[in-house]
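Trainee: Here it is, the structure in full.
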Amino acid sequence: MEEIYANADDVKTLSTRSSTIQEGLRRFLRASVLGLGLLSVFLLAGLIGLAVHHHNCVQASDQLINQLNASLTEKTREVECLKKACPERWRKLNCSCYVLSTEKASWQQSRDNCRSGGADLVILDSNEELMFLDSMIRESQTNYNMINGDTWIGLSDTEKEGTWKWVDTTPLNLTHLDILWNEGQPDNGGGSFEEDCAYINPATWLDDRSCWENLLWICEK
Ligand SMILES: [Ca+2]
Ligand SMILES: [Ca+2]
Ligand SMILES: [Ca+2]
């Protein structure tokens with residue numbers, strides 16, 4: 001009988017130990033899962049951080065390459081400009097060559113004359129160019145004793161009345177230039193002959209004039 005009780009005690013002890021071991025295992029597993037979960041979160045955060053860093057680095061290097069390319073293009077253009085030679089009698093400013101006529105012609109004839117020399121009637125792009133043209137015309141007025149310095153430029157509204165376009169088809173925009181239409185101009189002739197071609201005098205204001213009239217002209221190439 002005593003032996004049976006002793007065995008029952010042993011079974012109880014074993015059962016208690018087994019429960020303790022199982023509980024320990026469960027805690028260990030829970031701790032392990034929690035630890036692995038935390039580790040995964042840290043790893044994921046690290047990977048995201050690395051990916052963002054990599055993305056930023058790629059973006060920064062792309063930006064740098066674009067800047068270098070733009071700078072190289074600009075420098076190449078500057079070198080080409082410096083190397084560019086203008087024909088005899090032509091004057092150079094930055095990347096362009098200019099010549100002012102010594103005779104007078106209609107706007108279309110003036111343009112044809114420019115084009116036969118690989119140029120076109122001048123397009124006003126900058127105030128520096130305006131000042132340059134102004135001095136060219138004034139100098140010519142003195143040298144050739146030309147009282148009237150009215151000079152055709154590459155601007156007309158022949159395609160559509162009131163819509164002024166340069167000879168390269170870009171629309172007129174005077175906002176960045178120190179030149180305006182003369183007072184009351186353009187007036188398209190004010191009811192007499194139609195005026196569809198523009199001239200400068202010398203380069204201080206603009207006016208429209210009948211294209212068939214004979215004026216000086218400036219070519220640019
Ligand atoms: Ca120009
Ligand atoms: Ca007109
Ligand atoms: Ca006019």
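Letters for chains follow the order of the structure tokens (A, B, ...), residue numbers begin at 1 for each chain, and ligand numbers begin at 1 in the order shown.
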Which chains and residue numbers are within 7 Å of ligand 3, counting only C-alpha atoms and all ligand atoms, if I want them as a ChimeraX atom specification?

Mentor: /A:185-189,195,207-209

Trainee: With N, CA and C atoms retained, export the selected residues as a short mmCIF file (atom, residue, chain, number, x, y, z; two decimals), in the first residue's frame.

Mentor:
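Result written to result-v8.cif:
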data_model
loop_
_atom_site.label_atom_id
_atom_site.label_comp_id
_atom_site.auth_asym_id
_atom_site.auth_seq_id
_atom_site.Cartn_x
_atom_site.Cartn_y
_atom_site.Cartn_z
N GLN A 185 2.46 103.58 -81.75
CA GLN A 185 2.81 102.51 -82.70
C GLN A 185 2.67 101.14 -82.03
N PRO A 186 2.48 100.07 -82.74
CA PRO A 186 2.31 100.02 -84.20
C PRO A 186 0.88 100.46 -84.59
N ASP A 187 0.78 101.23 -85.70
CA ASP A 187 -0.54 101.76 -86.08
C ASP A 187 -1.02 101.17 -87.42
N ASN A 188 -0.23 100.25 -87.99
CA ASN A 188 -0.58 99.63 -89.28
C ASN A 188 -0.87 100.68 -90.34
N GLY A 189 -0.18 101.81 -90.24
CA GLY A 189 -0.33 102.86 -91.26
C GLY A 189 -1.44 103.86 -90.97
N GLU A 195 0.98 98.69 -92.84
CA GLU A 195 2.37 98.61 -92.36
C GLU A 195 2.56 97.29 -91.62
N ASP A 207 8.91 100.81 -84.70
CA ASP A 207 7.75 101.35 -85.42
C ASP A 207 7.43 100.38 -86.56
N ASP A 208 6.18 100.36 -86.99
CA ASP A 208 5.84 99.56 -88.17
C ASP A 208 5.79 100.47 -89.39
N ARG A 209 6.11 99.88 -90.51
CA ARG A 209 6.24 100.66 -91.75
C ARG A 209 5.83 99.77 -92.91
#

Trainee: Distance limit 12 Å, reference ligand 1, atoms considered: only C-alpha atoms and all ligand atoms. Which residues make the cut? Give them as a ChimeraX atom specification.

Mentor: /A:92-98,119-133,153-155,166-168,177,218-221

Trainee: For the residues selected in the previous step, produce a file with N, CA and C atoms as an mmCIF file, in the first residue's frame.

Mentor:
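Writing done, so here's selection12.cif:
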data_model
loop_
_atom_site.group_PDB
_atom_site.id
_atom_site.type_symbol
_atom_site.label_atom_id
_atom_site.label_comp_id
_atom_site.auth_asym_id
_atom_site.auth_seq_id
_atom_site.Cartn_x
_atom_site.Cartn_y
_atom_site.Cartn_z
ATOM 1 N N LYS A 92 31.364 91.583 -84.581
ATOM 2 C CA LYS A 92 31.018 90.431 -83.737
ATOM 3 C C LYS A 92 30.580 90.864 -82.338
ATOM 4 N N LEU A 93 29.523 90.254 -81.858
ATOM 5 C CA LEU A 93 29.122 90.419 -80.453
ATOM 6 C C LEU A 93 28.716 89.045 -79.940
ATOM 7 N N ASN A 94 29.401 88.594 -78.897
ATOM 8 C CA ASN A 94 29.165 87.255 -78.340
ATOM 9 C C ASN A 94 29.202 86.199 -79.442
ATOM 10 N N CYS A 95 28.047 85.568 -79.714
ATOM 11 C CA CYS A 95 28.061 84.448 -80.667
ATOM 12 C C CYS A 95 27.586 84.849 -82.061
ATOM 13 N N SER A 96 27.278 86.125 -82.274
ATOM 14 C CA SER A 96 26.702 86.544 -83.558
ATOM 15 C C SER A 96 27.597 87.517 -84.313
ATOM 16 N N CYS A 97 27.430 87.517 -85.627
ATOM 17 C CA CYS A 97 28.094 88.489 -86.494
ATOM 18 C C CYS A 97 27.002 89.385 -87.086
ATOM 19 N N TYR A 98 27.301 90.666 -87.241
ATOM 20 C CA TYR A 98 26.304 91.634 -87.735
ATOM 21 C C TYR A 98 26.907 92.497 -88.834
ATOM 22 N N ALA A 119 22.796 84.650 -93.598
ATOM 23 C CA ALA A 119 22.302 85.302 -92.374
ATOM 24 C C ALA A 119 20.795 85.535 -92.493
ATOM 25 N N ASP A 120 20.267 86.378 -91.641
ATOM 26 C CA ASP A 120 18.871 86.789 -91.750
ATOM 27 C C ASP A 120 18.777 88.169 -91.119
ATOM 28 N N LEU A 121 17.652 88.826 -91.270
ATOM 29 C CA LEU A 121 17.490 90.119 -90.612
ATOM 30 C C LEU A 121 17.623 89.928 -89.101
ATOM 31 N N VAL A 122 18.164 90.934 -88.431
ATOM 32 C CA VAL A 122 18.500 90.794 -87.006
ATOM 33 C C VAL A 122 17.266 90.540 -86.133
ATOM 34 N N ILE A 123 17.474 89.696 -85.116
ATOM 35 C CA ILE A 123 16.451 89.443 -84.088
ATOM 36 C C ILE A 123 16.976 90.061 -82.794
ATOM 37 N N LEU A 124 16.161 90.886 -82.144
ATOM 38 C CA LEU A 124 16.604 91.533 -80.906
ATOM 39 C C LEU A 124 16.426 90.578 -79.726
ATOM 40 N N ASP A 125 17.575 90.234 -79.092
ATOM 41 C CA ASP A 125 17.525 89.250 -77.997
ATOM 42 C C ASP A 125 17.875 89.837 -76.627
ATOM 43 N N SER A 126 18.777 90.814 -76.599
ATOM 44 C CA SER A 126 19.240 91.293 -75.292
ATOM 45 C C SER A 126 19.507 92.794 -75.353
ATOM 46 N N ASN A 127 19.597 93.406 -74.174
ATOM 47 C CA ASN A 127 19.902 94.839 -74.124
ATOM 48 C C ASN A 127 21.327 95.112 -74.584
ATOM 49 N N GLU A 128 22.223 94.147 -74.330
ATOM 50 C CA GLU A 128 23.601 94.285 -74.802
ATOM 51 C C GLU A 128 23.607 94.388 -76.334
ATOM 52 N N GLU A 129 22.795 93.537 -76.971
ATOM 53 C CA GLU A 129 22.699 93.554 -78.430
ATOM 54 C C GLU A 129 22.081 94.869 -78.914
ATOM 55 N N LEU A 130 21.058 95.346 -78.181
ATOM 56 C CA LEU A 130 20.413 96.618 -78.549
ATOM 57 C C LEU A 130 21.414 97.758 -78.550
ATOM 58 N N MET A 131 22.241 97.834 -77.473
ATOM 59 C CA MET A 131 23.235 98.899 -77.371
ATOM 60 C C MET A 131 24.256 98.793 -78.497
ATOM 61 N N PHE A 132 24.623 97.547 -78.806
ATOM 62 C CA PHE A 132 25.586 97.282 -79.882
ATOM 63 C C PHE A 132 25.035 97.762 -81.221
ATOM 64 N N LEU A 133 23.771 97.433 -81.508
ATOM 65 C CA LEU A 133 23.135 97.846 -82.767
ATOM 66 C C LEU A 133 22.987 99.361 -82.830
ATOM 67 N N ILE A 153 14.473 95.466 -89.214
ATOM 68 C CA ILE A 153 14.881 94.317 -88.396
ATOM 69 C C ILE A 153 13.990 93.127 -88.787
ATOM 70 N N GLY A 154 14.318 91.960 -88.267
ATOM 71 C CA GLY A 154 13.604 90.741 -88.681
ATOM 72 C C GLY A 154 12.287 90.523 -87.971
ATOM 73 N N LEU A 155 11.410 91.531 -88.024
ATOM 74 C CA LEU A 155 10.130 91.452 -87.303
ATOM 75 C C LEU A 155 9.001 91.919 -88.230
ATOM 76 N N TRP A 166 9.191 87.216 -85.116
ATOM 77 C CA TRP A 166 10.561 87.328 -85.622
ATOM 78 C C TRP A 166 10.712 86.394 -86.828
ATOM 79 N N VAL A 167 11.817 86.595 -87.569
ATOM 80 C CA VAL A 167 12.021 85.782 -88.776
ATOM 81 C C VAL A 167 12.231 84.296 -88.457
ATOM 82 N N ASP A 168 12.555 83.976 -87.197
ATOM 83 C CA ASP A 168 12.655 82.552 -86.833
ATOM 84 C C ASP A 168 11.316 82.028 -86.306
ATOM 85 N N LEU A 177 13.511 93.556 -72.649
ATOM 86 C CA LEU A 177 14.323 94.482 -73.450
ATOM 87 C C LEU A 177 13.994 95.943 -73.129
ATOM 88 N N ILE A 218 19.887 95.477 -91.049
ATOM 89 C CA ILE A 218 20.985 94.804 -90.339
ATOM 90 C C ILE A 218 20.790 93.298 -90.441
ATOM 91 N N CYS A 219 21.868 92.617 -90.879
ATOM 92 C CA CYS A 219 21.836 91.150 -90.931
ATOM 93 C C CYS A 219 22.540 90.599 -89.696
ATOM 94 N N GLU A 220 22.104 89.432 -89.269
ATOM 95 C CA GLU A 220 22.743 88.734 -88.142
ATOM 96 C C GLU A 220 22.935 87.277 -88.513
ATOM 97 N N LYS A 221 24.116 86.752 -88.174
ATOM 98 C CA LYS A 221 24.315 85.302 -88.355
ATOM 99 C C LYS A 221 25.272 84.771 -87.308
#

Trainee: With only C-alpha atoms and all ligand atoms counted, collect every polymer residue having an atom within 10 Å of ligand 2; state the result as a ChimeraX atom specification.

Mentor: /A:156-164,186-190,193-198,208-211

Trainee: Could the residues in this selection be written to a file with N, CA and C atoms, as a PDB file, in the first residue's frame?

Mentor:
ATOM      1  N   SER A 156       7.928  91.138 -88.298  1.00  0.00           N
ATOM      2  CA  SER A 156       6.805  91.533 -89.161  1.00  0.00           C
ATOM      3  C   SER A 156       5.491  90.937 -88.655  1.00  0.00           C
ATOM      4  N   ASP A 157       4.390  91.521 -89.161  1.00  0.00           N
ATOM      5  CA  ASP A 157       3.065  90.940 -88.850  1.00  0.00           C
ATOM      6  C   ASP A 157       2.311  90.659 -90.151  1.00  0.00           C
ATOM      7  N   THR A 158       3.087  90.200 -91.155  1.00  0.00           N
ATOM      8  CA  THR A 158       2.481  89.924 -92.466  1.00  0.00           C
ATOM      9  C   THR A 158       1.534  88.724 -92.428  1.00  0.00           C
ATOM     10  N   GLU A 159       1.857  87.731 -91.615  1.00  0.00           N
ATOM     11  CA  GLU A 159       1.011  86.522 -91.561  1.00  0.00           C
ATOM     12  C   GLU A 159      -0.362  86.838 -90.991  1.00  0.00           C
ATOM     13  N   LYS A 160      -0.365  87.550 -89.856  1.00  0.00           N
ATOM     14  CA  LYS A 160      -1.632  87.883 -89.201  1.00  0.00           C
ATOM     15  C   LYS A 160      -1.508  89.284 -88.619  1.00  0.00           C
ATOM     16  N   GLU A 161      -2.382  90.171 -89.063  1.00  0.00           N
ATOM     17  CA  GLU A 161      -2.314  91.554 -88.620  1.00  0.00           C
ATOM     18  C   GLU A 161      -2.320  91.654 -87.079  1.00  0.00           C
ATOM     19  N   GLY A 162      -1.316  92.361 -86.553  1.00  0.00           N
ATOM     20  CA  GLY A 162      -1.240  92.570 -85.104  1.00  0.00           C
ATOM     21  C   GLY A 162      -0.464  91.500 -84.363  1.00  0.00           C
ATOM     22  N   THR A 163      -0.139  90.372 -85.050  1.00  0.00           N
ATOM     23  CA  THR A 163       0.647  89.320 -84.395  1.00  0.00           C
ATOM     24  C   THR A 163       2.079  89.403 -84.930  1.00  0.00           C
ATOM     25  N   TRP A 164       2.945  90.017 -84.113  1.00  0.00           N
ATOM     26  CA  TRP A 164       4.325  90.263 -84.554  1.00  0.00           C
ATOM     27  C   TRP A 164       5.205  89.060 -84.284  1.00  0.00           C
ATOM     28  N   PRO A 186       2.483 100.074 -82.742  1.00  0.00           N
ATOM     29  CA  PRO A 186       2.308 100.024 -84.198  1.00  0.00           C
ATOM     30  C   PRO A 186       0.884 100.458 -84.588  1.00  0.00           C
ATOM     31  N   ASP A 187       0.775 101.230 -85.696  1.00  0.00           N
ATOM     32  CA  ASP A 187      -0.538 101.760 -86.084  1.00  0.00           C
ATOM     33  C   ASP A 187      -1.019 101.173 -87.417  1.00  0.00           C
ATOM     34  N   ASN A 188      -0.233 100.245 -87.990  1.00  0.00           N
ATOM     35  CA  ASN A 188      -0.579  99.629 -89.279  1.00  0.00           C
ATOM     36  C   ASN A 188      -0.875 100.679 -90.344  1.00  0.00           C
ATOM     37  N   GLY A 189      -0.185 101.812 -90.238  1.00  0.00           N
ATOM     38  CA  GLY A 189      -0.328 102.859 -91.257  1.00  0.00           C
ATOM     39  C   GLY A 189      -1.437 103.856 -90.975  1.00  0.00           C
ATOM     40  N   GLY A 190      -2.231 103.565 -89.967  1.00  0.00           N
ATOM     41  CA  GLY A 190      -3.304 104.508 -89.595  1.00  0.00           C
ATOM     42  C   GLY A 190      -4.322 104.748 -90.691  1.00  0.00           C
ATOM     43  N   PHE A 193      -1.460 103.275 -96.188  1.00  0.00           N
ATOM     44  CA  PHE A 193      -0.867 102.010 -96.621  1.00  0.00           C
ATOM     45  C   PHE A 193      -0.687 101.091 -95.410  1.00  0.00           C
ATOM     46  N   GLU A 194      -0.922  99.837 -95.643  1.00  0.00           N
ATOM     47  CA  GLU A 194      -0.741  98.875 -94.539  1.00  0.00           C
ATOM     48  C   GLU A 194       0.737  98.809 -94.138  1.00  0.00           C
ATOM     49  N   GLU A 195       0.983  98.687 -92.844  1.00  0.00           N
ATOM     50  CA  GLU A 195       2.366  98.612 -92.357  1.00  0.00           C
ATOM     51  C   GLU A 195       2.562  97.291 -91.618  1.00  0.00           C
ATOM     52  N   ASP A 196       3.351  96.388 -92.215  1.00  0.00           N
ATOM     53  CA  ASP A 196       3.521  95.046 -91.645  1.00  0.00           C
ATOM     54  C   ASP A 196       4.969  94.700 -91.308  1.00  0.00           C
ATOM     55  N   CYS A 197       5.895  95.648 -91.475  1.00  0.00           N
ATOM     56  CA  CYS A 197       7.304  95.352 -91.195  1.00  0.00           C
ATOM     57  C   CYS A 197       7.840  96.347 -90.173  1.00  0.00           C
ATOM     58  N   ALA A 198       8.747  95.859 -89.308  1.00  0.00           N
ATOM     59  CA  ALA A 198       9.224  96.712 -88.214  1.00  0.00           C
ATOM     60  C   ALA A 198      10.644  97.221 -88.470  1.00  0.00           C
ATOM     61  N   ASP A 208       6.180 100.365 -86.987  1.00  0.00           N
ATOM     62  CA  ASP A 208       5.841  99.558 -88.167  1.00  0.00           C
ATOM     63  C   ASP A 208       5.792 100.470 -89.394  1.00  0.00           C
ATOM     64  N   ARG A 209       6.105  99.880 -90.512  1.00  0.00           N
ATOM     65  CA  ARG A 209       6.243 100.663 -91.750  1.00  0.00           C
ATOM     66  C   ARG A 209       5.831  99.775 -92.912  1.00  0.00           C
ATOM     67  N   SER A 210       5.431 100.385 -94.031  1.00  0.00           N
ATOM     68  CA  SER A 210       5.081  99.590 -95.222  1.00  0.00           C
ATOM     69  C   SER A 210       6.320  98.843 -95.701  1.00  0.00           C
ATOM     70  N   CYS A 211       6.154  97.546 -95.932  1.00  0.00           N
ATOM     71  CA  CYS A 211       7.302  96.684 -96.225  1.00  0.00           C
ATOM     72  C   CYS A 211       8.035  97.073 -97.510  1.00  0.00           C
TER      73      CYS A 211
END

Trainee: Would you please extract all strand (DSSP E) residues from stretch 30-134 of chain A, as assigned by DSSP on the backbone, and give them as an NGL selection string?

Mentor: :A and (91-93 or 96-100 or 120-121)

Trainee: Keeping C-alpha atoms, export the residues of the selection given above as a PDB file, in the first residue's frame.

Mentor:
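Written out: result.pdb:
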ATOM      1  CA  ARG A  91      31.074  93.018 -86.503  1.00  0.00           C
ATOM      2  CA  LYS A  92      31.018  90.431 -83.737  1.00  0.00           C
ATOM      3  CA  LEU A  93      29.122  90.419 -80.453  1.00  0.00           C
ATOM      4  CA  SER A  96      26.702  86.544 -83.558  1.00  0.00           C
ATOM      5  CA  CYS A  97      28.094  88.489 -86.494  1.00  0.00           C
ATOM      6  CA  TYR A  98      26.304  91.634 -87.735  1.00  0.00           C
ATOM      7  CA  VAL A  99      26.482  93.860 -90.743  1.00  0.00           C
ATOM      8  CA  LEU A 100      24.643  97.117 -91.366  1.00  0.00           C
ATOM      9  CA  ASP A 120      18.871  86.789 -91.750  1.00  0.00           C
ATOM     10  CA  LEU A 121      17.490  90.119 -90.612  1.00  0.00           C
TER      11      LEU A 121
END

Trainee: Please extract the residues of stretch 97-154 of chain A with a backbone DSSP assignment of alpha helix (DSSP H) and present them as a ChimeraX atom specification.

Mentor: /A:107-116,127-143

Trainee: Report as a list in words all protein, DNA and RNA residues lying within 12 Å of stretch 140-145 of chain A, evaluated on only C-alpha atoms, omitting residues in the same chain fewer than 2 positions from it.

Mentor: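 In the requested format, the answer is Val99, Leu100, Ser101, Thr102, Glu103, Leu133, Asp134, Ser135, Met136, Ile137, Arg138, Ile147, Asn148, Gly149, Asp150, Thr151, Asn201, Pro202, Leu216, Trp217 and Ile218 of chain A.
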
Trainee: Could you please take those selected residues and save N, CA and C atoms as a JSON list (two decimals), in the first residue's frame?

Mentor:
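Listing of again25.json after writing:
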[["chain", "number", "residue", "atom", "x", "y", "z"],
["A", 99, "VAL", "N", 26.05, 92.86, -89.76],
["A", 99, "VAL", "CA", 26.48, 93.86, -90.74],
["A", 99, "VAL", "C", 25.31, 94.81, -91.01],
["A", 100, "LEU", "N", 25.64, 96.10, -91.05],
["A", 100, "LEU", "CA", 24.64, 97.12, -91.37],
["A", 100, "LEU", "C", 24.84, 97.51, -92.82],
["A", 101, "SER", "N", 23.75, 97.58, -93.56],
["A", 101, "SER", "CA", 23.87, 97.90, -95.00],
["A", 101, "SER", "C", 24.34, 99.33, -95.18],
["A", 102, "THR", "N", 24.88, 99.61, -96.35],
["A", 102, "THR", "CA", 25.26, 100.99, -96.68],
["A", 102, "THR", "C", 24.28, 101.55, -97.72],
["A", 103, "GLU", "N", 23.32, 100.71, -98.11],
["A", 103, "GLU", "CA", 22.29, 101.16, -99.04],
["A", 103, "GLU", "C", 20.92, 100.84, -98.46],
["A", 133, "LEU", "N", 23.77, 97.43, -81.51],
["A", 133, "LEU", "CA", 23.13, 97.85, -82.77],
["A", 133, "LEU", "C", 22.99, 99.36, -82.83],
["A", 134, "ASP", "N", 22.62, 99.94, -81.67],
["A", 134, "ASP", "CA", 22.47, 101.40, -81.59],
["A", 134, "ASP", "C", 23.78, 102.08, -81.98],
["A", 135, "SER", "N", 24.91, 101.59, -81.42],
["A", 135, "SER", "CA", 26.19, 102.23, -81.74],
["A", 135, "SER", "C", 26.57, 101.99, -83.20],
["A", 136, "MET", "N", 26.23, 100.79, -83.72],
["A", 136, "MET", "CA", 26.52, 100.51, -85.14],
["A", 136, "MET", "C", 25.80, 101.50, -86.05],
["A", 137, "ILE", "N", 24.51, 101.73, -85.76],
["A", 137, "ILE", "CA", 23.72, 102.62, -86.63],
["A", 137, "ILE", "C", 24.21, 104.07, -86.50],
["A", 138, "ARG", "N", 24.47, 104.50, -85.24],
["A", 138, "ARG", "CA", 24.92, 105.89, -85.03],
["A", 138, "ARG", "C", 26.27, 106.12, -85.71],
["A", 147, "ILE", "N", 21.41, 110.84, -92.50],
["A", 147, "ILE", "CA", 20.64, 111.58, -91.49],
["A", 147, "ILE", "C", 19.60, 110.66, -90.86],
["A", 148, "ASN", "N", 18.96, 109.86, -91.72],
["A", 148, "ASN", "CA", 17.91, 108.98, -91.23],
["A", 148, "ASN", "C", 18.47, 107.57, -90.95],
["A", 149, "GLY", "N", 18.37, 107.14, -89.70],
["A", 149, "GLY", "CA", 18.93, 105.84, -89.33],
["A", 149, "GLY", "C", 17.88, 104.74, -89.25],
["A", 150, "ASP", "N", 16.72, 104.94, -89.90],
["A", 150, "ASP", "CA", 15.66, 103.92, -89.86],
["A", 150, "ASP", "C", 16.20, 102.62, -90.46],
["A", 151, "THR", "N", 16.11, 101.53, -89.70],
["A", 151, "THR", "CA", 16.76, 100.27, -90.11],
["A", 151, "THR", "C", 15.81, 99.09, -89.93],
["A", 201, "ASN", "N", 15.08, 102.82, -84.79],
["A", 201, "ASN", "CA", 15.73, 104.11, -85.09],
["A", 201, "ASN", "C", 16.38, 104.68, -83.86],
["A", 202, "PRO", "N", 17.73, 104.67, -83.79],
["A", 202, "PRO", "CA", 18.59, 103.60, -84.29],
["A", 202, "PRO", "C", 18.23, 102.27, -83.62],
["A", 216, "LEU", "N", 17.56, 101.14, -94.43],
["A", 216, "LEU", "CA", 18.78, 100.38, -94.16],
["A", 216, "LEU", "C", 18.35, 99.04, -93.55],
["A", 217, "TRP", "N", 19.26, 98.11, -93.42],
["A", 217, "TRP", "CA", 18.91, 96.85, -92.76],
["A", 217, "TRP", "C", 20.14, 96.30, -92.04],
["A", 218, "ILE", "N", 19.89, 95.48, -91.05],
["A", 218, "ILE", "CA", 20.99, 94.80, -90.34],
["A", 218, "ILE", "C", 20.79, 93.30, -90.44]]
